[in-house]
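Heads up, the thing below is written out as structure tokens.
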Amino acid sequence: MLKRTEGIVLKTNPFGEADLIVTCLSKDYGILKTFAKSPRKIKSRFGSSLEPLTHSKISFWGKEDAALPRLVQSDIIYTFHSLRSDFRCFLRVSELVELTLCFVPERDASRHAYHLLINTLRTIEDDRDMDLLILYYKLNLLNIAGFSPKLDNCGRCGKSGDAFYLSHGSVLCERCSDGTEPSFRISKGAISFSSTLLGWSPLKLNRIRPARFLIPELTKITDAHIKYVVEKNLRTRSFRVFQPL
């Protein structure tokens, strides 16, 4: 059965001498893995459309339950070439790709995640605040996937609090914490800022002028929460540590 959708290439893996396994975030099927025959043999538009971050209209063929349907056509909508050509930028964007692969299920439509990634990439390409956009993507992807840290109030009683506990994935008030040491203290400004980021489009983030300390504070908590949820360090973040300034 031939199916058509749109997708953003997240990664490719060589298969044999000339073939590829292509993993993309699709509009209608969530994370989708397909088999592409011979795109590495010659320079072609088909091969170009399988570069990481390329946004394309794709057609694939296979039975309903086929583990690896065949990718038969891929027509480029937009390349996001500028994001790939800048190494530092590509490294930062690769963190978003890794998170997407962690939190978006295979063969499970997630149009919110699909549009979130496209709109975030478009905004990054417009030279907006990279740290703000990365944080924005993380918080909104976690929210879509159902793993959002609860920061607005106590996860047990609903009262306000200023301490975040990784083991609960939530802020807890002093009474509900039972005297346990918090993983992080969180300011009221960071709590309010997180709510703002969940309610805005990335295309409008240029209107936000947060206090300088809010992005690092909220990023630190969000990254620790992600590590706790996935039970490992992200490879892209580990690689960034060793990059020269």
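We name chains A, B, ... following the order of the structure tokens; residues begin at 1 in each chain, and ligands are numbered from 1 as shown.
The protein and nucleic acid residues lying at most 6 Å from Ile58 (chain A) are A:Arg4, A:Thr5, A:Glu6, A:Gln73, A:Ser74, with only C-alpha atoms considered and sequence neighbours fewer than 3 positions away removed.
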Near Asp28 (chain A), within 9 Å and counting only C-alpha atoms, which residues show up once chain neighbours fewer than 3 positions away are dropped, as a list in words?
Arg4, Thr5, Glu6, Gly7, Leu25, Arg107, Asp108, Ala109, Ser110, Arg111 and Tyr114 of chain A
With only C-alpha atoms as the counted atoms, please give the residues lying no more than 9 Å from region 89-101 of chain A, apart from itself and same-chain residues fewer than 2 positions off, as an MDAnalysis selection string.
chainID A and resid 10:11 25 31 53 82:87 103:106 113 117 121 124 130 134 137:138 141 226 234:237 239:240
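With CA of Val72 (chain A) on one side and CA of Phe60 (chain A) on the other, the separation reads 5.4 Å.
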For Lys159 (chain A), work out the shell of residues within 10 Å, counting only C-alpha atoms and skipping chain neighbours fewer than 2 positions away, then give it as a ChimeraX atom specification.
/A:152-157,161,171-176
Quick one: DSSP strand (DSSP E or B) residues in region 1-125 of chain A, as a PyMOL selection string?
chain A and resi 2-15+19-26+30-36+55-61+70-78+106
Please produce an output containing N, CA and C atoms for each residue in the selection, written as a compact mmCIF listing (two decimals), in the first residue's frame.
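Now in selection07.txt:
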```txt
# COMPACT_ATOMS: atom_id res chain seq x y z
N LEU A 2 0.62 2.16 -0.93
CA LEU A 2 1.39 3.40 -1.03
C LEU A 2 0.78 4.45 -0.09
N LYS A 3 1.63 5.07 0.70
CA LYS A 3 1.19 6.11 1.61
C LYS A 3 2.03 7.36 1.40
N ARG A 4 1.41 8.52 1.64
CA ARG A 4 2.11 9.80 1.48
C ARG A 4 1.97 10.63 2.74
N THR A 5 3.00 11.39 3.04
CA THR A 5 2.96 12.29 4.19
C THR A 5 4.08 13.32 4.02
N GLU A 6 4.28 14.15 5.00
CA GLU A 6 5.43 15.05 5.06
C GLU A 6 6.31 14.60 6.21
N GLY A 7 7.60 14.87 6.10
CA GLY A 7 8.50 14.47 7.17
C GLY A 7 9.76 15.29 7.23
N ILE A 8 10.39 15.30 8.39
CA ILE A 8 11.68 15.94 8.60
C ILE A 8 12.69 14.85 8.91
N VAL A 9 13.73 14.75 8.11
CA VAL A 9 14.73 13.70 8.32
C VAL A 9 15.49 13.98 9.62
N LEU A 10 15.48 13.00 10.52
CA LEU A 10 16.20 13.13 11.78
C LEU A 10 17.58 12.49 11.71
N LYS A 11 17.65 11.33 11.07
CA LYS A 11 18.96 10.68 10.91
C LYS A 11 18.88 9.63 9.82
N THR A 12 20.05 9.23 9.31
CA THR A 12 20.14 8.14 8.34
C THR A 12 21.24 7.18 8.79
N ASN A 13 21.06 5.91 8.48
CA ASN A 13 22.06 4.89 8.78
C ASN A 13 22.37 4.11 7.51
N PRO A 14 23.65 3.97 7.16
CA PRO A 14 24.01 3.19 5.97
C PRO A 14 23.55 1.75 6.08
N PHE A 15 23.12 1.19 4.95
CA PHE A 15 22.70 -0.20 4.90
C PHE A 15 23.29 -0.79 3.62
N ASP A 19 22.56 1.70 0.18
CA ASP A 19 21.22 1.94 0.71
C ASP A 19 21.27 2.68 2.05
N LEU A 20 20.10 3.16 2.46
CA LEU A 20 19.99 3.89 3.72
C LEU A 20 18.74 3.47 4.49
N ILE A 21 18.86 3.49 5.80
CA ILE A 21 17.69 3.46 6.68
C ILE A 21 17.44 4.91 7.09
N VAL A 22 16.29 5.42 6.73
CA VAL A 22 15.98 6.84 6.96
C VAL A 22 14.95 6.95 8.09
N THR A 23 15.30 7.72 9.11
CA THR A 23 14.39 7.96 10.22
C THR A 23 13.93 9.40 10.17
N CYS A 24 12.63 9.62 10.14
CA CYS A 24 12.11 10.98 10.09
C CYS A 24 10.96 11.15 11.08
N LEU A 25 10.68 12.39 11.40
CA LEU A 25 9.48 12.73 12.15
C LEU A 25 8.43 13.11 11.12
N SER A 26 7.39 12.29 11.00
CA SER A 26 6.39 12.50 9.96
C SER A 26 5.15 13.19 10.53
N GLY A 30 4.14 9.89 13.19
CA GLY A 30 5.13 10.02 14.24
C GLY A 30 6.53 9.69 13.72
N ILE A 31 7.34 9.04 14.55
CA ILE A 31 8.66 8.60 14.10
C ILE A 31 8.48 7.47 13.10
N LEU A 32 9.07 7.65 11.92
CA LEU A 32 8.90 6.69 10.83
C LEU A 32 10.26 6.28 10.29
N LYS A 33 10.52 4.97 10.27
CA LYS A 33 11.75 4.44 9.69
C LYS A 33 11.43 3.78 8.35
N THR A 34 12.19 4.14 7.33
CA THR A 34 11.96 3.59 6.00
C THR A 34 13.29 3.14 5.38
N PHE A 35 13.18 2.30 4.36
CA PHE A 35 14.33 1.80 3.62
C PHE A 35 14.41 2.52 2.29
N ALA A 36 15.55 3.16 2.04
CA ALA A 36 15.76 3.88 0.77
C ALA A 36 16.78 3.13 -0.07
N HIS A 55 13.18 18.89 5.10
CA HIS A 55 11.72 18.78 5.19
C HIS A 55 11.21 18.43 3.79
N SER A 56 10.52 17.29 3.68
CA SER A 56 10.12 16.80 2.36
C SER A 56 8.72 16.20 2.37
N LYS A 57 8.16 16.12 1.16
CA LYS A 57 6.98 15.29 0.93
C LYS A 57 7.48 13.90 0.57
N ILE A 58 7.01 12.89 1.29
CA ILE A 58 7.54 11.55 1.06
C ILE A 58 6.42 10.56 0.74
N SER A 59 6.80 9.54 -0.02
CA SER A 59 5.89 8.43 -0.33
C SER A 59 6.62 7.13 0.02
N PHE A 60 5.93 6.23 0.70
CA PHE A 60 6.55 4.96 1.05
C PHE A 60 5.57 3.82 0.81
N TRP A 61 6.16 2.65 0.57
CA TRP A 61 5.38 1.48 0.16
C TRP A 61 5.62 0.34 1.13
N ARG A 70 9.39 0.69 2.24
CA ARG A 70 10.35 1.25 1.29
C ARG A 70 9.99 2.68 0.93
N LEU A 71 10.96 3.55 1.05
CA LEU A 71 10.79 4.95 0.65
C LEU A 71 10.98 5.04 -0.86
N VAL A 72 9.91 5.42 -1.57
CA VAL A 72 9.97 5.41 -3.04
C VAL A 72 10.07 6.81 -3.64
N GLN A 73 9.74 7.84 -2.85
CA GLN A 73 9.81 9.21 -3.38
C GLN A 73 10.00 10.18 -2.23
N SER A 74 10.79 11.21 -2.49
CA SER A 74 11.01 12.26 -1.49
C SER A 74 11.28 13.57 -2.22
N ASP A 75 10.35 14.51 -2.08
CA ASP A 75 10.45 15.80 -2.77
C ASP A 75 10.67 16.90 -1.74
N ILE A 76 11.76 17.62 -1.91
CA ILE A 76 12.16 18.61 -0.92
C ILE A 76 11.17 19.77 -0.84
N ILE A 77 10.77 20.10 0.38
CA ILE A 77 9.99 21.30 0.66
C ILE A 77 10.94 22.42 1.10
N TYR A 78 11.83 22.07 2.02
CA TYR A 78 12.80 23.05 2.52
C TYR A 78 14.00 22.29 3.09
N GLU A 106 7.23 5.72 17.75
CA GLU A 106 7.18 5.28 16.36
C GLU A 106 5.74 4.95 15.97
```
Tell me which protein, DNA and RNA residues are within 7 Å of region 203-205 of chain A, counting only C-alpha atoms, leaving out same-chain ones fewer than 3 positions away, and put them as a ChimeraX atom specification.
/A:119,123,200,208
Quick check for you: according to DSSP on this backbone, which residues of region 86-211 of chain A are classed as alpha helix (DSSP H)? Reply as JSON, numbers by chain.
{"A": [87, 88, 89, 90, 91, 92, 93, 94, 95, 96, 97, 98, 99, 100, 101, 102, 103, 111, 112, 113, 114, 115, 116, 117, 118, 119, 120, 121, 122, 123, 124, 125, 130, 131, 132, 133, 134, 135, 136, 137, 138, 139, 140, 141, 142, 143, 144, 145, 188, 189, 190, 191, 192, 193, 194, 195, 196, 197, 198, 199]}
